[in-house]
Amino acid sequence: MAEQNNLKEFTKGIFQYNPMFVLVLGICPSLAVTTSVKNGLAMGGAATFVLVCSNFIISIVRAYIPREIRIPCFIVVIAAFVTMVELLMKAYLPPELNASLGIFIPLIVVNCIIMYRAESFAYKNKPFASVLDGAGLGLGWTLSLCLISSIREIVGSGTLFGVKVSESYQPASVMIMAPGAFIVLGLLLGFFNWQKLRKSEKTMKSLMKND
Amino acid sequence: MIKEIALIIVSVVFVNNFVLSKFLGLCPFLGVSQKTSSAIGMGAAVTFVMTLSSAITWIVYNFVLLPGDANIVAKVFPSIRELGLIEVLKTISYILVIATLVQFVEMMLRKMAPALYESLGIYLPLITTNCAVLGVALLNTTDSPKHLGFLQATVQGFGAGIGFTVAMLLMSGIRERLALVNIPQPLRGVPIAFICTGLMALAFFGFSGMVQ
């Protein structure tokens, strides 16, 4: 039973509470960095690290944080981990990857997903569950970043992971610029809404039949 | 001097609009742009906080974080003079400055302009987590091609706020119309707002190249 619960804490972040397509949180960085799959993966990894660590620390010290000043406390914890990630990435990742992520690494501090999980999950739950929750949501976010960035990279520059997709394809470079990002995300959200609507219609129909 | 300031404002409002070309501050942009009146209120509050926070973070950056003779902390701890605190304390100090500033603005408005305070309501505390505010502070002090002066940094903060307000205002006008239109069911709400933003960004693309 307990194992099942743990598995649920982990998987809910990927489908049921997918941060990007269900909750529509953390859109600013997800649009800015998804010009190529490599950028998307790096950003997702950094945010997942911060999410897991801050969830862990906050759920450990949650008994000592007074309710009135919890938001500033969360921000300080998150900012500390973001600084760590920033320094680690500067040390170990190629400089051009760092340059293309730019100010969006320090901006993880104000990413709504991390604040939202701290407030609504880690502040109320045990450390182990919080870590699983953070890992699940982080993975869900990273997967959605990969989806958006692979669409944008294939259509916008004709490559995937830097490898050319087809020789004859003329890239539509508007897709890797600002307008393309908004339109891709809008259409994807519409697509997932359509799926959800179709599913609920089906269950409605089967219910009607049973009646 | 005046020419330079005008250039900064035009560049940050139209060419490099924070919402439409830098993807900063999208959450409040989508959350508060349903009505024109609340869009104006939010824009004004954000512009105010952005201007002040650009000024204060510039001071923090130049006199507390950067290594050198001007560093105040170095007067007490001499080893700071060479290293500076820029690597480790930048993000934390900026976000603390912004959070305190928002709290301060809230208290000041409640005392001095209760009417405005009432009309802004919940939008005021939410400004802390607006990434456009932290974004402009970071851009003022890192990503710029050259080191910005105090006045330029403050003007850039003010202009970014105006750009944010302009984008919100345009969007709220579109969304008020969209409420009356027959849109396919799955696209209603956020998806169509994103597609409209994309088209707006495409229009703002026409400004690119106007200012370097």
# chains A, B, ... in the order shown; residues from 1 in each chain; ligands from 1
$ closest_atom_pairs --of "chain A" --to "chain B" --cutoff "10 Å" --atoms "only C-alpha atoms" --output "Markdown table"
| residue | atom | partner | partner_atom | distance |
| --- | --- | --- | --- | --- |
| A:Val24 | CA | B:Val190 | CA | 8.7 |
| A:Leu25 | CA | B:Cys27 | CA | 7.6 |
| A:Gly26 | CA | B:Cys27 | CA | 7.7 |
| A:Ile27 | CA | B:Leu26 | CA | 6.8 |
| A:Cys28 | CA | B:Phe23 | CA | 5.2 |
| A:Pro29 | CA | B:Phe23 | CA | 7.3 |
| A:Ser30 | CA | B:Phe23 | CA | 9.0 |
| A:Leu31 | CA | B:Phe23 | CA | 6.7 |
| A:Ala32 | CA | B:Phe23 | CA | 5.9 |
| A:Val33 | CA | B:Phe23 | CA | 9.6 |
| A:Ile71 | CA | B:Ala99 | CA | 9.9 |
| A:Pro72 | CA | B:Ala99 | CA | 7.8 |
| A:Ile75 | CA | B:Ile95 | CA | 7.9 |
| A:Val76 | CA | B:Ile92 | CA | 6.7 |
| A:Val77 | CA | B:Ile92 | CA | 9.3 |
| A:Ile78 | CA | B:Ile92 | CA | 9.0 |
| A:Ala79 | CA | B:Ile92 | CA | 5.4 |
| A:Ala80 | CA | B:Ile92 | CA | 6.9 |
| A:Phe81 | CA | B:Ile92 | CA | 10.0 |
| A:Val82 | CA | B:Thr91 | CA | 7.9 |
| A:Thr83 | CA | B:Val88 | CA | 6.3 |
| A:Met84 | CA | B:Val88 | CA | 8.2 |
| A:Glu86 | CA | B:Glu87 | CA | 8.9 |
| A:Leu87 | CA | B:Glu87 | CA | 7.6 |
| A:Ala99 | CA | B:Asp143 | CA | 9.7 |
| A:Gly102 | CA | B:Asp143 | CA | 7.9 |
| A:Ile103 | CA | B:Leu138 | CA | 6.8 |
| A:Phe104 | CA | B:Gly135 | CA | 8.3 |
| A:Ile105 | CA | B:Thr91 | CA | 10.0 |
| A:Pro106 | CA | B:Thr91 | CA | 6.2 |
| A:Leu107 | CA | B:Cys131 | CA | 6.6 |
| A:Ile108 | CA | B:Cys131 | CA | 8.9 |
| A:Val109 | CA | B:Thr91 | CA | 7.9 |
| A:Val110 | CA | B:Thr129 | CA | 5.1 |
| A:Asn111 | CA | B:Thr129 | CA | 7.7 |
| A:Cys112 | CA | B:Thr129 | CA | 7.5 |
| A:Met115 | CA | B:Thr129 | CA | 9.1 |
| A:Val174 | CA | B:Leu202 | CA | 8.7 |
| A:Met177 | CA | B:Ser21 | CA | 8.1 |
| A:Ala178 | CA | B:Ser21 | CA | 5.4 |
| A:Pro179 | CA | B:Gly198 | CA | 4.2 |
| A:Gly180 | CA | B:Gly198 | CA | 6.6 |
| A:Ala181 | CA | B:Gly198 | CA | 7.3 |
| A:Phe182 | CA | B:Gly198 | CA | 4.7 |
| A:Ile183 | CA | B:Ile195 | CA | 4.7 |
| A:Val184 | CA | B:Ile195 | CA | 8.0 |
| A:Leu185 | CA | B:Phe194 | CA | 7.0 |
| A:Gly186 | CA | B:Pro191 | CA | 4.2 |
| A:Leu187 | CA | B:Pro191 | CA | 6.5 |
| A:Leu188 | CA | B:Pro191 | CA | 8.0 |
| A:Leu189 | CA | B:Pro191 | CA | 5.6 |
| A:Gly190 | CA | B:Leu187 | CA | 4.8 |
| A:Phe191 | CA | B:Pro186 | CA | 7.1 |
| A:Phe192 | CA | B:Pro186 | CA | 8.1 |
| A:Asn193 | CA | B:Pro186 | CA | 5.0 |
| A:Trp194 | CA | B:Pro186 | CA | 4.9 |
| A:Gln195 | CA | B:Pro186 | CA | 8.5 |
| A:Lys196 | CA | B:Pro186 | CA | 8.8 |
| A:Leu197 | CA | B:Pro186 | CA | 7.3 |
| A:Arg198 | CA | B:Pro186 | CA | 9.7 |
$ residues_around --residues "B:Leu66" --least-positions-apart "5" --cutoff "7 Å" --atoms "only C-alpha atoms" --output "PyMOL selection string"
chain B and resi 61+71+84-86
$ residues_around --residues "A:Phe15" --least-positions-apart "4" --cutoff "10 Å" --atoms "only C-alpha atoms" --output "list in words"
Thr11, Pro19, Phe21, Val22, Gly136, Leu137 and Gly140 of chain A
$ atom_distance --atom1 "atom CA of B:Leu52" --atom2 "atom CA of B:Thr154"
7.4 Å
$ closest_residue --among "A:Leu51, A:Val37, A:Met208, A:Leu147" --to "A:Val163" --atoms "only C-alpha atoms"
A:Val37
$ select_by_dssp --residues "stretch 53-200 of chain B" --states "helix (DSSP H, G or I)" --output "ChimeraX atom specification"
/B:53-65,73-76,80-83,86-112,114-120,123-129,131-143,150-178,185-187,190-200
$ decode --residues "stretch 106-189 of chain B" --atoms "C-alpha atoms" --output "CSV table (one decimal), in the first residue's frame"
chain,number,residue,atom,x,y,z
B,106,GLU,CA,2.3,48.1,0.1
B,107,MET,CA,2.6,49.8,3.5
B,108,MET,CA,3.2,53.2,1.9
B,109,LEU,CA,0.3,53.0,-0.4
B,110,ARG,CA,-2.0,51.9,2.4
B,111,LYS,CA,-1.0,54.9,4.4
B,112,MET,CA,-0.8,57.6,1.7
B,113,ALA,CA,-3.2,56.5,-1.1
B,114,PRO,CA,-5.8,54.2,0.3
B,115,ALA,CA,-7.9,54.4,-2.8
B,116,LEU,CA,-5.1,53.2,-5.1
B,117,TYR,CA,-4.2,50.5,-2.5
B,118,GLU,CA,-7.8,49.2,-2.6
B,119,SER,CA,-8.0,49.1,-6.4
B,120,LEU,CA,-4.7,47.2,-6.7
B,121,GLY,CA,-5.7,44.6,-4.0
B,122,ILE,CA,-4.1,41.2,-4.3
B,123,TYR,CA,-1.9,42.2,-7.3
B,124,LEU,CA,0.5,44.1,-5.1
B,125,PRO,CA,2.0,41.1,-3.1
B,126,LEU,CA,2.1,39.1,-6.3
B,127,ILE,CA,4.6,41.4,-7.9
B,128,THR,CA,7.4,39.7,-5.8
B,129,THR,CA,7.2,36.6,-7.9
B,130,ASN,CA,6.8,38.5,-11.2
B,131,CYS,CA,9.9,37.4,-13.2
B,132,ALA,CA,9.9,40.6,-15.2
B,133,VAL,CA,11.0,42.5,-12.0
B,134,LEU,CA,13.9,40.2,-11.2
B,135,GLY,CA,14.6,40.0,-14.9
B,136,VAL,CA,15.1,43.7,-15.4
B,137,ALA,CA,17.4,43.8,-12.3
B,138,LEU,CA,19.5,41.0,-13.7
B,139,LEU,CA,19.6,42.4,-17.2
B,140,ASN,CA,20.6,45.8,-15.9
B,141,THR,CA,23.6,44.3,-14.2
B,142,THR,CA,24.7,41.4,-16.3
B,143,ASP,CA,23.5,40.9,-19.9
B,144,SER,CA,24.1,44.5,-21.0
B,145,PRO,CA,26.7,45.0,-23.7
B,146,LYS,CA,28.3,47.8,-21.6
B,147,HIS,CA,28.2,48.7,-17.9
B,148,LEU,CA,25.0,50.8,-17.4
B,149,GLY,CA,25.1,54.0,-15.3
B,150,PHE,CA,22.6,54.6,-12.5
B,151,LEU,CA,20.3,56.8,-14.6
B,152,GLN,CA,20.3,54.4,-17.6
B,153,ALA,CA,19.5,51.4,-15.3
B,154,THR,CA,16.6,53.2,-13.7
B,155,VAL,CA,15.3,54.4,-17.0
B,156,GLN,CA,15.5,50.9,-18.4
B,157,GLY,CA,13.5,49.6,-15.4
B,158,PHE,CA,10.9,52.3,-16.0
B,159,GLY,CA,10.7,51.6,-19.7
B,160,ALA,CA,10.4,47.9,-19.1
B,161,GLY,CA,7.4,48.6,-16.8
B,162,ILE,CA,5.8,50.8,-19.5
B,163,GLY,CA,6.4,48.1,-22.1
B,164,PHE,CA,4.7,45.5,-19.8
B,165,THR,CA,1.8,47.9,-19.3
B,166,VAL,CA,1.4,48.5,-23.0
B,167,ALA,CA,1.4,44.8,-23.8
B,168,MET,CA,-1.1,44.1,-21.0
B,169,LEU,CA,-3.4,46.9,-22.2
B,170,LEU,CA,-3.4,45.6,-25.8
B,171,MET,CA,-4.0,42.1,-24.7
B,172,SER,CA,-6.8,43.0,-22.4
B,173,GLY,CA,-8.5,44.8,-25.3
B,174,ILE,CA,-8.2,41.7,-27.4
B,175,ARG,CA,-9.5,39.4,-24.6
B,176,GLU,CA,-12.5,41.6,-23.9
B,177,ARG,CA,-13.5,41.1,-27.6
B,178,LEU,CA,-12.6,37.4,-27.5
B,179,ALA,CA,-15.1,36.8,-24.7
B,180,LEU,CA,-17.9,37.5,-27.3
B,181,VAL,CA,-16.5,35.4,-30.1
B,182,ASN,CA,-17.4,31.8,-30.9
B,183,ILE,CA,-14.1,29.9,-30.4
B,184,PRO,CA,-13.7,26.1,-30.8
B,185,GLN,CA,-14.3,24.5,-27.4
B,186,PRO,CA,-10.7,23.1,-26.8
B,187,LEU,CA,-9.1,26.5,-27.6
B,188,ARG,CA,-11.2,28.6,-25.2
B,189,GLY,CA,-9.4,30.4,-22.4
